[in-house]
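Student: Below is a structure I'd like to ask you about.
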Amino acid sequence: MDFAYNDDQELLRGVTRRFLEERHPMALTRTRLEAESTFDRGVWRDGAELGWTALVVPEQYGGGSVTDQPVVDLAAVAEEAGRALFPGPLLSTNVVADAVAAYGDEQQRQQFLGAIARGDCVATWCTTADGSAEADAIGVEAVPAPSGLKLDGVARFAHDAHEADLLLVSCQAPSGPTLVLMPLPAPGVSFRVLGGLDLTRRLCEVSFESVEAAGHQILGAVGAAGPAIDRAYRLATVLQSAEAVGAAERVFEITVQYAKDRRQFGRAIGSFQAIKHRLADLLIELEGARAASWYAALAVADDRFDRDEAVAVAGAAVRDAFAFIAGESVQIHGGIGFTWEHDAHLFMRRAKVEQLLFGDPDWHRERLCRLAEAKAPV
Amino acid sequence: MDVDIPEIPSRYDAYRQGLREFIVGNLPELAFKQRSGLRAPEDPEDVVKLRRWVRGLHDAGYGANRDDPFEARISIEELERTRIPYVLGNPLVAGAIVRFGTEQQRAAYLPAIASGEHIWTQLFSEPDAGSDLTSLRTRAVLDGGHYVVSGQKVWSTWAQFSDFGYLLARIGSGAGRDGITAFILDMKSEGVTTRPLREITGTTDFNEVFLDSVRIPVENMIGEPGAGWSVAQASLAHERGTLPGDKEQDPAGALVRAARHRRRGGRAAIEDGAVRQQIGRVAARSLMERYLGYRVQTRAANNQTAAWDAPLVKIWFSELNLEVADYALRLLGGRGALVEDEPLAHEDGRWQDTFLYARSWTIAGGSNEILRNVIGERALDLPREPRGDR
Ligand SMILES: Cc1cc2nc3c(=O)[nH]c(=O)nc-3n(C[C@H](O)[C@H](O)[C@H](O)COP(=O)(O)OP(=O)(O)OC[C@H]3O[C@@H](n4cnc5c(N)ncnc54)[C@H](O)[C@@H]3O)c2cc1C
């Protein structure tokens with residue numbers, strides 16, 4: 001039993017934290033809150049050198065992990081990215097890398113994996129039209145064409161798609177769900193940045209108008225991408241949970257400090273039980289969330305027997321915990337927490353948006369209920 | 001990262017087999033039903049049978065406190081399945097004696113605790129000293145080779161059947177932690193009166209204990225005079241870290257079964273989205289309790305236990321336990337209103353008993369409010385509560 005990051009993973013975490021504090025401090029994030037893009041290619045490339053986009057890429061394609069559990073390594077990085085409210089598509093790029101590594105043919109791996117690992121290729125995933133994980137919400141249709149497939153439709157809530165070099169597109173083909181790799185720019189593909197609640201991160205609408213996809217762009221077989229999409233959602237949930245834990249931990253620390261510093265009625269507000277007990281509740285939820293997030297990473301990394309259950313627990317609980325912690329942080333800060341200048345709302349906004357993407361917590365609770373039914377004999 | 005526990009080697013199969021045979025041959029037939037929690041029988045004859053059972057287990061080499069970790073694991077697994085108690089009373093004093101006791105005390109009491117020969121009760125709480133244990137008023141006055149002790153204790157679980165009490169009393173005229181001293185009290189001493197109390201469950205598990213000029217030999221003091229607070233803290237910390245073994249292993253599954261039987265709006269309740277969401281929530285939180293356990297165990301193994309580990313786990317467990325029992329009753333509909341021995345009751349009313357008893361876990365062993373103070377003050381380093389009296 002060793003349910004913790006090991007020394008190498010802690011080292012990676014520490015290096016990532018220092019890098020982000022230096023290269024992507026909140027002060028920098030703040031200069032871009034209302035900008036068209038929050039993405040910084042220079043920081044991305046240097047982050048890639050620390051391994052951010054190489055961990056799930058096999059060595060022969062230019063990648064490499066820190067331990068024999070690359071998904072856990074990556075979760076450690078994602079926690080730090082979340083802690084800094086880092087805007088970049090760390091999650092999406094890694095989901096695409098993992099999909100190519102697991103389902104790509106030799107040529108696709110050669111073409112994309114090294115570039116992703118080096119930080120030269122920013123990749124993102126176009127999931128559904130409404131940001132949910134529902135199979136019937138895929139909004140891009142793929143019909144057979146002489147060259148391969150022709151794509152029409154729309155995908156929304158794709159991280160930083162307008163900055164990306166490569167899209168992984170979930171499509172609905174007549175024979176079933178299909179994944180298409182789409183290097184950019186591509187004729188017929190257009191982007192619109194969505195006006196979003198999370199000021200630190202840009203989500204896009206991606207429109208496809210008679211877009212040609214050649215046969216060699218199809219990941220796996222046409223109509224047979226169900227398992228690949230499931231795998232992508234699992235990894236997305238693990239990384240989303242890890243980011244949420246990191247962010248929740250940071251906003252919790254800020255809040256505890258404020259409760260010690262701020263005085264009213266001649267006492268620090270943290271001495272009032274209404275605040276003290278609330279903070280205890282936040283710690284309880286934070287630690288529960290951390291345990292769930294770690295366990296999901298472990299279960300995916302090792303393909304454990306309870307992998308799907310572990311992912312659903314993280315999906316059901318971790319982002320709710322983050323949203324609870326971030327919301328209460330604003331409350332505990334009082335008026336200052338209600339200002340644009342204070343960081344609390346940036347965490348609250350991130351938390352709310354994360355709750356809505358890649359399968360919301362209700363969706364994961366429904367999955368857990370189904371798993372419980374399957375285990376309880378009639 | 002891993003959560004693996006070493007697999008039990010096959011050379012232990014004989015141990016397990018032997019224990020199973022022992023259980024078949026010796027399992028006592030009791031008048032009392034084993035329910036959730038630290039419960040006591042009504043019938044003294046049951047206590048005689050239970051003592052024989054625990055003693056027998058120990059003497060045959062199958063007790064739950066085997067030194068060999070694999071044997072201990074097997075024993076606990078097999079004994080949990082019997083749903084018959086294998087630890088009687090409250091043995092927490094053992095930790096205090098190990099850490100603070102004299103050589104003689106260790107020899108006189110530890111083996112007898114391990115073998116189940118001695119049953120213990122914990123005599124800390126008083127009518128006016130519960131959460132605020134440092135305001136306890138039971139006095140101990142030195143008189144030659146004895147302390148003479150007078151006062152009243154309350155909520156003393158299993159005291160009605162106990163041989164010894166783990167007692168906190170005050171020497172001198174100090175206040176707060178000053179003078180609090182830990183003693184071993186022979187419950188058969190003159191001046192000890194035990195009066196059973198009936199609980200919200202209808203059963204009798206705890207008692208009032210009156211101490212009227214009880215003479216306790218000086219050598220029955222645990223630790224130094226006035227050091228009782230540290231002695232007690234050590235064992236209370238242990239209490240908060242120990243979870244009941246007989247909790248529902250799969251609460252979501254139990255709720256699924258209840259929801260299949262109940263109809264709502266012309267269909268089984270299990271098809272109702274609100275019910276499914278609640279079952280999903282319970283599944284998540286019960287699994288998170290397990291994952292939290294892995295973290296706490298890992299940290300303990302590395303000597304990195306955090307100040308919040310034990311209180312957090314106790315709050316998590318006790319509040320989920322209450323939520324599950326409460327929801328189970330709601331799911332059962334009219335049958336949720338029925339208790340054991342009523343033929344129409346669901347699973348002989350076990351959920352109703354669990355629902356009532358659930359409040360013991362949120363109150364006893366440090367109420368959840370006090371534990372939130374502990375988290376706030378000791379783990380987060382927030383300013384302490386001001387006292388109203390000193
Ligand atoms: C089933 C059961 C078994 C028990 N067994 C034993 C036993 O074997 N031996 C033994 O010594 N004791 C035992 N106890 C006693 C238990 O430890 C006390 O009940 C507990 O410590 C609370 O004390 P109290 O009952 O006096 O409540 P109080 O301390 O009066 O508390 C009443 C309420 O006020 C709240 N409260 C008190 N102080 C504060 C504060 N500072 N901040 C916020 N809220 C506060 C409490 O949380 C509670 O909700 C048992 C109790 C139960 C329920």
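Ordering of the structure tokens sets the chain letters (A, B, ...); residue numbers start at 1 within each chain; ligands are numbered from 1 in the order shown.
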Kindly compile the residues surrounding ligand 1 within 9 Å, counting only C-alpha atoms and all ligand atoms, and format them as an mmCIF file with N, CA, C and O atoms, in the first residue's frame.
Tutor:
```cif
data_model
loop_
_atom_site.group_PDB
_atom_site.id
_atom_site.type_symbol
_atom_site.label_atom_id
_atom_site.label_comp_id
_atom_site.auth_asym_id
_atom_site.auth_seq_id
_atom_site.Cartn_x
_atom_site.Cartn_y
_atom_site.Cartn_z
ATOM 1 N N GLN A 273 -17.033 30.096 14.910
ATOM 2 C CA GLN A 273 -17.281 28.715 14.473
ATOM 3 C C GLN A 273 -17.967 28.625 13.126
ATOM 4 O O GLN A 273 -17.739 27.680 12.378
ATOM 5 N N GLY B 37 -22.798 -1.113 15.910
ATOM 6 C CA GLY B 37 -22.252 -0.340 17.016
ATOM 7 C C GLY B 37 -21.793 -1.167 18.188
ATOM 8 O O GLY B 37 -21.774 -2.399 18.160
ATOM 9 N N LEU B 38 -21.397 -0.444 19.238
ATOM 10 C CA LEU B 38 -20.853 -1.074 20.437
ATOM 11 C C LEU B 38 -22.014 -1.373 21.384
ATOM 12 O O LEU B 38 -22.350 -0.584 22.250
ATOM 13 N N ARG B 39 -22.653 -2.539 21.199
ATOM 14 C CA ARG B 39 -23.903 -2.809 21.906
ATOM 15 C C ARG B 39 -23.680 -3.867 22.972
ATOM 16 O O ARG B 39 -22.819 -4.722 22.849
ATOM 17 N N GLY B 89 -16.869 -4.953 25.581
ATOM 18 C CA GLY B 89 -16.625 -3.701 26.282
ATOM 19 C C GLY B 89 -15.740 -2.787 25.459
ATOM 20 O O GLY B 89 -15.707 -2.854 24.236
ATOM 21 N N ASN B 90 -15.018 -1.930 26.156
ATOM 22 C CA ASN B 90 -14.207 -0.913 25.488
ATOM 23 C C ASN B 90 -12.749 -1.074 25.913
ATOM 24 O O ASN B 90 -12.347 -0.653 26.992
ATOM 25 N N THR B 121 -14.685 -0.694 30.874
ATOM 26 C CA THR B 121 -15.520 0.428 30.470
ATOM 27 C C THR B 121 -14.709 1.707 30.618
ATOM 28 O O THR B 121 -13.725 1.742 31.373
ATOM 29 N N GLN B 122 -15.127 2.724 29.908
ATOM 30 C CA GLN B 122 -14.395 3.994 29.952
ATOM 31 C C GLN B 122 -15.187 4.997 30.784
ATOM 32 O O GLN B 122 -16.318 5.335 30.438
ATOM 33 N N LEU B 123 -14.587 5.461 31.874
ATOM 34 C CA LEU B 123 -15.285 6.360 32.795
ATOM 35 C C LEU B 123 -14.710 7.763 32.681
ATOM 36 O O LEU B 123 -13.979 8.228 33.565
ATOM 37 N N PHE B 124 -15.033 8.439 31.589
ATOM 38 C CA PHE B 124 -14.559 9.809 31.366
ATOM 39 C C PHE B 124 -15.699 10.810 31.570
ATOM 40 O O PHE B 124 -15.631 11.687 32.404
ATOM 41 N N SER B 125 -16.757 10.669 30.782
ATOM 42 C CA SER B 125 -17.823 11.678 30.752
ATOM 43 C C SER B 125 -18.542 11.769 32.086
ATOM 44 O O SER B 125 -18.707 10.771 32.797
ATOM 45 N N GLU B 126 -18.975 12.995 32.388
ATOM 46 C CA GLU B 126 -19.781 13.256 33.582
ATOM 47 C C GLU B 126 -20.985 14.084 33.159
ATOM 48 O O GLU B 126 -20.996 14.658 32.061
ATOM 49 N N PRO B 127 -21.970 14.191 34.069
ATOM 50 C CA PRO B 127 -23.150 14.971 33.683
ATOM 51 C C PRO B 127 -22.788 16.397 33.258
ATOM 52 O O PRO B 127 -23.387 16.923 32.332
ATOM 53 N N ASP B 128 -21.800 17.002 33.894
ATOM 54 C CA ASP B 128 -21.446 18.371 33.521
ATOM 55 C C ASP B 128 -20.125 18.458 32.754
ATOM 56 O O ASP B 128 -19.565 19.535 32.607
ATOM 57 N N ALA B 129 -19.606 17.329 32.337
ATOM 58 C CA ALA B 129 -18.349 17.356 31.587
ATOM 59 C C ALA B 129 -18.439 16.357 30.439
ATOM 60 O O ALA B 129 -18.205 15.160 30.606
ATOM 61 N N GLY B 130 -18.843 16.861 29.290
ATOM 62 C CA GLY B 130 -18.964 16.003 28.108
ATOM 63 C C GLY B 130 -17.916 16.419 27.105
ATOM 64 O O GLY B 130 -16.747 16.039 27.197
ATOM 65 N N SER B 131 -18.311 17.268 26.173
ATOM 66 C CA SER B 131 -17.326 17.807 25.228
ATOM 67 C C SER B 131 -16.217 18.507 25.984
ATOM 68 O O SER B 131 -15.044 18.411 25.623
ATOM 69 N N ASP B 132 -16.609 19.215 27.027
ATOM 70 C CA ASP B 132 -15.636 19.957 27.833
ATOM 71 C C ASP B 132 -15.151 19.050 28.959
ATOM 72 O O ASP B 132 -15.397 19.292 30.140
ATOM 73 N N LEU B 133 -14.443 18.015 28.556
ATOM 74 C CA LEU B 133 -14.034 16.985 29.510
ATOM 75 C C LEU B 133 -13.137 17.551 30.606
ATOM 76 O O LEU B 133 -13.126 17.051 31.734
ATOM 77 N N LYS B 153 -20.098 9.402 37.018
ATOM 78 C CA LYS B 153 -19.771 9.238 35.597
ATOM 79 C C LYS B 153 -21.045 8.865 34.844
ATOM 80 O O LYS B 153 -22.005 8.363 35.452
ATOM 81 N N VAL B 154 -21.035 9.081 33.539
ATOM 82 C CA VAL B 154 -22.252 8.805 32.771
ATOM 83 C C VAL B 154 -21.884 8.404 31.345
ATOM 84 O O VAL B 154 -20.760 8.665 30.893
ATOM 85 N N TRP B 155 -22.845 7.773 30.673
ATOM 86 C CA TRP B 155 -22.698 7.255 29.292
ATOM 87 C C TRP B 155 -21.609 6.176 29.214
ATOM 88 O O TRP B 155 -20.946 6.043 28.188
ATOM 89 N N SER B 156 -21.435 5.441 30.280
ATOM 90 C CA SER B 156 -20.329 4.480 30.334
ATOM 91 C C SER B 156 -20.773 3.171 29.683
ATOM 92 O O SER B 156 -21.494 2.367 30.284
ATOM 93 N N THR B 157 -20.304 2.996 28.449
ATOM 94 C CA THR B 157 -20.715 1.842 27.655
ATOM 95 C C THR B 157 -20.194 0.546 28.270
ATOM 96 O O THR B 157 -19.021 0.463 28.640
ATOM 97 N N TRP B 158 -21.083 -0.435 28.378
ATOM 98 C CA TRP B 158 -20.766 -1.776 28.890
ATOM 99 C C TRP B 158 -20.424 -1.789 30.385
ATOM 100 O O TRP B 158 -20.012 -2.821 30.908
ATOM 101 N N ALA B 159 -20.577 -0.648 31.102
ATOM 102 C CA ALA B 159 -20.174 -0.640 32.522
ATOM 103 C C ALA B 159 -20.922 -1.708 33.313
ATOM 104 O O ALA B 159 -20.384 -2.274 34.270
ATOM 105 N N TYR B 166 -11.721 2.471 33.204
ATOM 106 C CA TYR B 166 -10.613 3.382 32.867
ATOM 107 C C TYR B 166 -11.130 4.768 33.260
ATOM 108 O O TYR B 166 -11.928 5.371 32.554
ATOM 109 N N LEU B 167 -10.667 5.225 34.426
ATOM 110 C CA LEU B 167 -11.296 6.361 35.110
ATOM 111 C C LEU B 167 -10.442 7.617 35.031
ATOM 112 O O LEU B 167 -9.218 7.569 35.219
ATOM 113 N N LEU B 168 -11.096 8.755 34.794
ATOM 114 C CA LEU B 168 -10.422 10.041 34.958
ATOM 115 C C LEU B 168 -11.020 10.742 36.173
ATOM 116 O O LEU B 168 -12.243 10.872 36.283
ATOM 117 N N GLU B 199 -31.474 3.632 26.019
ATOM 118 C CA GLU B 199 -31.136 4.585 24.964
ATOM 119 C C GLU B 199 -32.267 4.784 23.973
ATOM 120 O O GLU B 199 -33.263 4.086 24.018
ATOM 121 N N ASP B 205 -27.091 0.037 26.480
ATOM 122 C CA ASP B 205 -25.673 -0.172 26.189
ATOM 123 C C ASP B 205 -24.784 0.659 27.098
ATOM 124 O O ASP B 205 -23.653 0.303 27.356
ATOM 125 N N PHE B 206 -25.306 1.797 27.599
ATOM 126 C CA PHE B 206 -24.485 2.603 28.512
ATOM 127 C C PHE B 206 -25.169 2.826 29.857
ATOM 128 O O PHE B 206 -26.336 2.458 30.036
ATOM 129 N N ASN B 207 -24.425 3.401 30.800
ATOM 130 C CA ASN B 207 -24.825 3.433 32.203
ATOM 131 C C ASN B 207 -24.410 4.731 32.880
ATOM 132 O O ASN B 207 -23.533 5.437 32.406
ATOM 133 N N TYR B 357 -29.310 4.416 15.891
ATOM 134 C CA TYR B 357 -27.975 4.333 16.483
ATOM 135 C C TYR B 357 -26.982 5.268 15.785
ATOM 136 O O TYR B 357 -25.935 5.614 16.345
ATOM 137 N N ARG B 359 -26.848 8.255 15.400
ATOM 138 C CA ARG B 359 -26.519 9.456 16.172
ATOM 139 C C ARG B 359 -25.424 9.210 17.212
ATOM 140 O O ARG B 359 -24.813 10.148 17.698
ATOM 141 N N SER B 360 -25.225 7.969 17.573
ATOM 142 C CA SER B 360 -24.132 7.728 18.534
ATOM 143 C C SER B 360 -22.793 8.091 17.892
ATOM 144 O O SER B 360 -21.912 8.653 18.531
ATOM 145 N N TRP B 361 -22.647 7.781 16.603
ATOM 146 C CA TRP B 361 -21.356 8.031 15.943
ATOM 147 C C TRP B 361 -21.109 9.522 15.736
ATOM 148 O O TRP B 361 -19.962 9.950 15.617
ATOM 149 N N THR B 362 -22.171 10.305 15.615
ATOM 150 C CA THR B 362 -21.944 11.745 15.426
ATOM 151 C C THR B 362 -21.737 12.457 16.753
ATOM 152 O O THR B 362 -21.311 13.605 16.776
ATOM 153 N N ILE B 363 -22.079 11.779 17.888
ATOM 154 C CA ILE B 363 -21.929 12.412 19.205
ATOM 155 C C ILE B 363 -20.722 11.854 19.968
ATOM 156 O O ILE B 363 -19.902 12.606 20.492
ATOM 157 N N ALA B 364 -20.646 10.525 20.062
ATOM 158 C CA ALA B 364 -19.637 9.916 20.935
ATOM 159 C C ALA B 364 -18.231 10.037 20.353
ATOM 160 O O ALA B 364 -18.066 10.289 19.162
ATOM 161 N N GLY B 365 -17.246 9.856 21.222
ATOM 162 C CA GLY B 365 -15.849 9.868 20.766
ATOM 163 C C GLY B 365 -15.427 11.229 20.252
ATOM 164 O O GLY B 365 -14.598 11.349 19.360
ATOM 165 N N GLY B 366 -16.001 12.304 20.833
ATOM 166 C CA GLY B 366 -15.777 13.655 20.304
ATOM 167 C C GLY B 366 -16.887 13.941 19.306
ATOM 168 O O GLY B 366 -16.953 13.307 18.258
ATOM 169 N N SER B 367 -17.806 14.846 19.652
ATOM 170 C CA SER B 367 -18.912 15.134 18.731
ATOM 171 C C SER B 367 -18.338 15.729 17.452
ATOM 172 O O SER B 367 -17.225 16.252 17.433
ATOM 173 N N ASN B 368 -19.112 15.641 16.388
ATOM 174 C CA ASN B 368 -18.598 16.142 15.113
ATOM 175 C C ASN B 368 -18.341 17.647 15.154
ATOM 176 O O ASN B 368 -17.477 18.140 14.430
ATOM 177 N N GLU B 369 -19.057 18.352 16.018
ATOM 178 C CA GLU B 369 -18.767 19.793 16.169
ATOM 179 C C GLU B 369 -17.387 19.965 16.806
ATOM 180 O O GLU B 369 -16.583 20.794 16.363
ATOM 181 N N ILE B 370 -17.127 19.176 17.843
ATOM 182 C CA ILE B 370 -15.814 19.271 18.495
ATOM 183 C C ILE B 370 -14.714 18.866 17.512
ATOM 184 O O ILE B 370 -13.651 19.488 17.466
ATOM 185 N N LEU B 371 -14.992 17.856 16.711
ATOM 186 C CA LEU B 371 -13.963 17.429 15.751
ATOM 187 C C LEU B 371 -13.715 18.496 14.690
ATOM 188 O O LEU B 371 -12.601 18.653 14.194
ATOM 189 N N ARG B 372 -14.759 19.244 14.356
ATOM 190 C CA ARG B 372 -14.539 20.363 13.412
ATOM 191 C C ARG B 372 -13.687 21.446 14.078
ATOM 192 O O ARG B 372 -12.885 22.106 13.408
ATOM 193 N N ASN B 373 -13.858 21.615 15.365
ATOM 194 C CA ASN B 373 -12.940 22.525 16.070
ATOM 195 C C ASN B 373 -11.510 21.992 15.999
ATOM 196 O O ASN B 373 -10.568 22.749 15.788
ATOM 197 N N GLU B 385 -11.081 28.650 20.301
ATOM 198 C CA GLU B 385 -12.313 29.148 20.894
ATOM 199 C C GLU B 385 -12.019 29.880 22.187
ATOM 200 O O GLU B 385 -11.295 29.344 23.026
ATOM 201 N N ARG B 387 -12.968 30.715 25.985
ATOM 202 C CA ARG B 387 -13.799 30.058 27.001
ATOM 203 C C ARG B 387 -14.635 31.108 27.699
ATOM 204 O O ARG B 387 -14.243 32.258 27.825
#
```
Student: Compile the residues of chain A that lie within 6 Å of chain B, evaluated using only C-alpha atoms, and express the compilation as number ranges by chain.
Tutor: A: 1-4, 270-271, 276-277, 280, 291-292, 313, 365-366, 368-369, 372, 376
Student: Okay, now the selection with C-alpha atoms, as a PDB file, in the first residue's frame?
Tutor:
```
ATOM      1  CA  MET A   1       0.000   0.000   0.000  1.00  0.00           C
ATOM      2  CA  ASP A   2       1.511   3.264  -1.109  1.00  0.00           C
ATOM      3  CA  PHE A   3      -1.317   5.596  -1.973  1.00  0.00           C
ATOM      4  CA  ALA A   4       0.688   8.743  -2.655  1.00  0.00           C
ATOM      5  CA  GLY A 270     -11.421  32.209  11.627  1.00  0.00           C
ATOM      6  CA  SER A 271     -12.147  32.080  15.354  1.00  0.00           C
ATOM      7  CA  LYS A 276     -14.032  27.643  11.382  1.00  0.00           C
ATOM      8  CA  HIS A 277     -16.463  24.805  10.854  1.00  0.00           C
ATOM      9  CA  ALA A 280     -13.233  22.236   8.303  1.00  0.00           C
ATOM     10  CA  ALA A 291      -8.443  10.730  -2.630  1.00  0.00           C
ATOM     11  CA  ALA A 292     -11.014  10.212  -5.403  1.00  0.00           C
ATOM     12  CA  VAL A 313     -16.568   8.511  -8.445  1.00  0.00           C
ATOM     13  CA  ARG A 365     -23.787   9.585 -10.455  1.00  0.00           C
ATOM     14  CA  GLU A 366     -26.168   7.917 -12.885  1.00  0.00           C
ATOM     15  CA  LEU A 368     -22.543   4.822 -10.413  1.00  0.00           C
ATOM     16  CA  CYS A 369     -26.147   3.881  -9.827  1.00  0.00           C
ATOM     17  CA  ALA A 372     -24.414  -0.527  -8.164  1.00  0.00           C
ATOM     18  CA  ALA A 376     -26.667  -6.126  -6.573  1.00  0.00           C
TER      19      ALA A 376
END
```
Student: Which of range 52-247 of chain A counts as strand (DSSP E or B) under DSSP, as a ChimeraX atom specification please?
Tutor: /A:123-126,140-145,148-159,166-173,176-183,189-193,203-214,218-219
Student: As a VMD selection string, which residues of range 76-136 of chain A does DSSP assign to alpha helix (DSSP H)?
Tutor: chain A and resid 76 to 83 90 to 103 106 to 118
Student: Keeping only N, CA and C atoms, write the selected residues to a file as a compact mmCIF listing (two decimals), in the first residue's frame.
Tutor:
```
# COMPACT_ATOMS: atom_id res chain seq x y z
N ALA A 76 -0.24 14.36 -11.70
CA ALA A 76 0.55 15.23 -10.82
C ALA A 76 0.79 16.58 -11.49
N VAL A 77 1.09 16.55 -12.79
CA VAL A 77 1.28 17.81 -13.54
C VAL A 77 -0.04 18.58 -13.60
N ALA A 78 -1.13 17.86 -13.86
CA ALA A 78 -2.44 18.52 -14.01
C ALA A 78 -2.86 19.20 -12.70
N GLU A 79 -2.52 18.58 -11.56
CA GLU A 79 -2.84 19.23 -10.28
C GLU A 79 -2.19 20.61 -10.21
N GLU A 80 -0.94 20.66 -10.65
CA GLU A 80 -0.22 21.93 -10.59
C GLU A 80 -0.79 22.93 -11.60
N ALA A 81 -1.15 22.43 -12.77
CA ALA A 81 -1.76 23.33 -13.76
C ALA A 81 -3.05 23.91 -13.20
N GLY A 82 -3.83 23.06 -12.53
CA GLY A 82 -5.08 23.54 -11.93
C GLY A 82 -4.81 24.56 -10.85
N ARG A 83 -3.80 24.30 -10.06
CA ARG A 83 -3.45 25.20 -8.97
C ARG A 83 -3.17 26.61 -9.49
N LEU A 90 -3.79 21.56 -21.70
CA LEU A 90 -2.99 20.43 -21.22
C LEU A 90 -3.80 19.14 -21.30
N LEU A 91 -5.03 19.23 -20.81
CA LEU A 91 -5.91 18.06 -20.80
C LEU A 91 -6.17 17.60 -22.23
N SER A 92 -6.61 18.53 -23.07
CA SER A 92 -7.03 18.13 -24.42
C SER A 92 -5.86 17.58 -25.21
N THR A 93 -4.73 18.24 -25.13
CA THR A 93 -3.58 17.77 -25.91
C THR A 93 -3.18 16.36 -25.48
N ASN A 94 -3.21 16.12 -24.18
CA ASN A 94 -2.83 14.78 -23.71
C ASN A 94 -3.87 13.73 -24.06
N VAL A 95 -5.14 14.13 -24.06
CA VAL A 95 -6.18 13.17 -24.47
C VAL A 95 -5.96 12.77 -25.93
N VAL A 96 -5.62 13.75 -26.76
CA VAL A 96 -5.38 13.45 -28.18
C VAL A 96 -4.13 12.57 -28.32
N ALA A 97 -3.08 12.94 -27.58
CA ALA A 97 -1.85 12.14 -27.66
C ALA A 97 -2.12 10.69 -27.27
N ASP A 98 -2.88 10.53 -26.20
CA ASP A 98 -3.17 9.17 -25.73
C ASP A 98 -3.99 8.40 -26.76
N ALA A 99 -4.94 9.09 -27.39
CA ALA A 99 -5.78 8.41 -28.38
C ALA A 99 -4.94 7.97 -29.58
N VAL A 100 -4.03 8.85 -30.01
CA VAL A 100 -3.18 8.50 -31.15
C VAL A 100 -2.24 7.35 -30.76
N ALA A 101 -1.69 7.43 -29.56
CA ALA A 101 -0.78 6.38 -29.12
C ALA A 101 -1.51 5.03 -29.04
N ALA A 102 -2.77 5.06 -28.58
CA ALA A 102 -3.49 3.80 -28.36
C ALA A 102 -4.13 3.26 -29.63
N TYR A 103 -4.62 4.16 -30.50
CA TYR A 103 -5.42 3.69 -31.64
C TYR A 103 -4.85 4.08 -33.01
N GLU A 106 0.82 3.35 -37.60
CA GLU A 106 2.22 3.75 -37.49
C GLU A 106 2.45 5.15 -38.07
N GLN A 107 1.84 5.38 -39.21
CA GLN A 107 2.07 6.65 -39.88
C GLN A 107 1.51 7.82 -39.05
N GLN A 108 0.31 7.61 -38.47
CA GLN A 108 -0.29 8.67 -37.63
C GLN A 108 0.58 8.94 -36.41
N ARG A 109 1.09 7.88 -35.81
CA ARG A 109 1.95 8.07 -34.63
C ARG A 109 3.19 8.86 -35.00
N GLN A 110 3.80 8.44 -36.13
CA GLN A 110 5.02 9.14 -36.57
C GLN A 110 4.72 10.61 -36.82
N GLN A 111 3.57 10.84 -37.43
CA GLN A 111 3.25 12.20 -37.85
C GLN A 111 2.99 13.12 -36.65
N PHE A 112 2.29 12.62 -35.65
CA PHE A 112 1.81 13.54 -34.61
C PHE A 112 2.51 13.45 -33.26
N LEU A 113 2.89 12.24 -32.83
CA LEU A 113 3.25 12.09 -31.42
C LEU A 113 4.50 12.88 -31.04
N GLY A 114 5.53 12.80 -31.91
CA GLY A 114 6.76 13.52 -31.59
C GLY A 114 6.51 15.02 -31.49
N ALA A 115 5.73 15.52 -32.44
CA ALA A 115 5.45 16.96 -32.46
C ALA A 115 4.67 17.38 -31.22
N ILE A 116 3.73 16.54 -30.81
CA ILE A 116 2.97 16.86 -29.58
C ILE A 116 3.92 16.86 -28.39
N ALA A 117 4.75 15.83 -28.31
CA ALA A 117 5.65 15.69 -27.16
C ALA A 117 6.60 16.89 -27.06
N ARG A 118 7.07 17.38 -28.20
CA ARG A 118 7.99 18.52 -28.21
C ARG A 118 7.30 19.84 -27.90
```
Student: Would you compute the distance between CA of Phe252 in chain A and CA of Leu346 in chain A? Give it in Å to one decimal.
Tutor: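 Straight-line distance from CA of Phe252 in chain A to CA of Leu346 in chain A works out to 13.2 Å.
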Student: Could you work out how far CA of Leu371 in chain A lies from CA of Asp353 in chain B, giving the answer in Å with one decimal?
Tutor: 27.6 Å
Student: Which neighbours of range 220-234 of chain A fall inside 6 Å, counting only C-alpha atoms, when residues of the same chain fewer than 3 positions from it are skipped, and could you give them as JSON, numbers by chain?
Tutor: {"A": [95, 103, 173, 175, 176, 177, 178, 237]}
Student: Would you mind listing what lies within 12 Å of Ala247 in chain A as a ChimeraX atom specification, with only C-alpha atoms counted and same-chain residues fewer than 4 positions away left out?
Tutor: /A:78-86,240-243,251-254,286,289-290,318-319,321-323,325-326,343-344,346-351,354
Student: Mind checking which residues fall within 7 Å of range 123-133 of chain A, counting only C-alpha atoms, ignoring those fewer than 3 positions away in the same chain, and posting them as a list in words?
Tutor: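 Counting only the stated atoms, we get Pro89, Ser92, Thr93, Val96, Ala137, Ile138, Gly139, Val154, Ala155, Arg156, Phe157, Ala158, His159, Ala161, Ala164, Asp165, Leu166, Leu167, Leu168, Val169, Ser170, Leu357, Phe358 and Gly359 of chain A.
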Student: Calculated over only C-alpha atoms, which of the candidates A:Arg201, A:Arg192, A:Arg23, A:His364 has the smallest distance to Val311 in chain A?
Tutor: A:His364
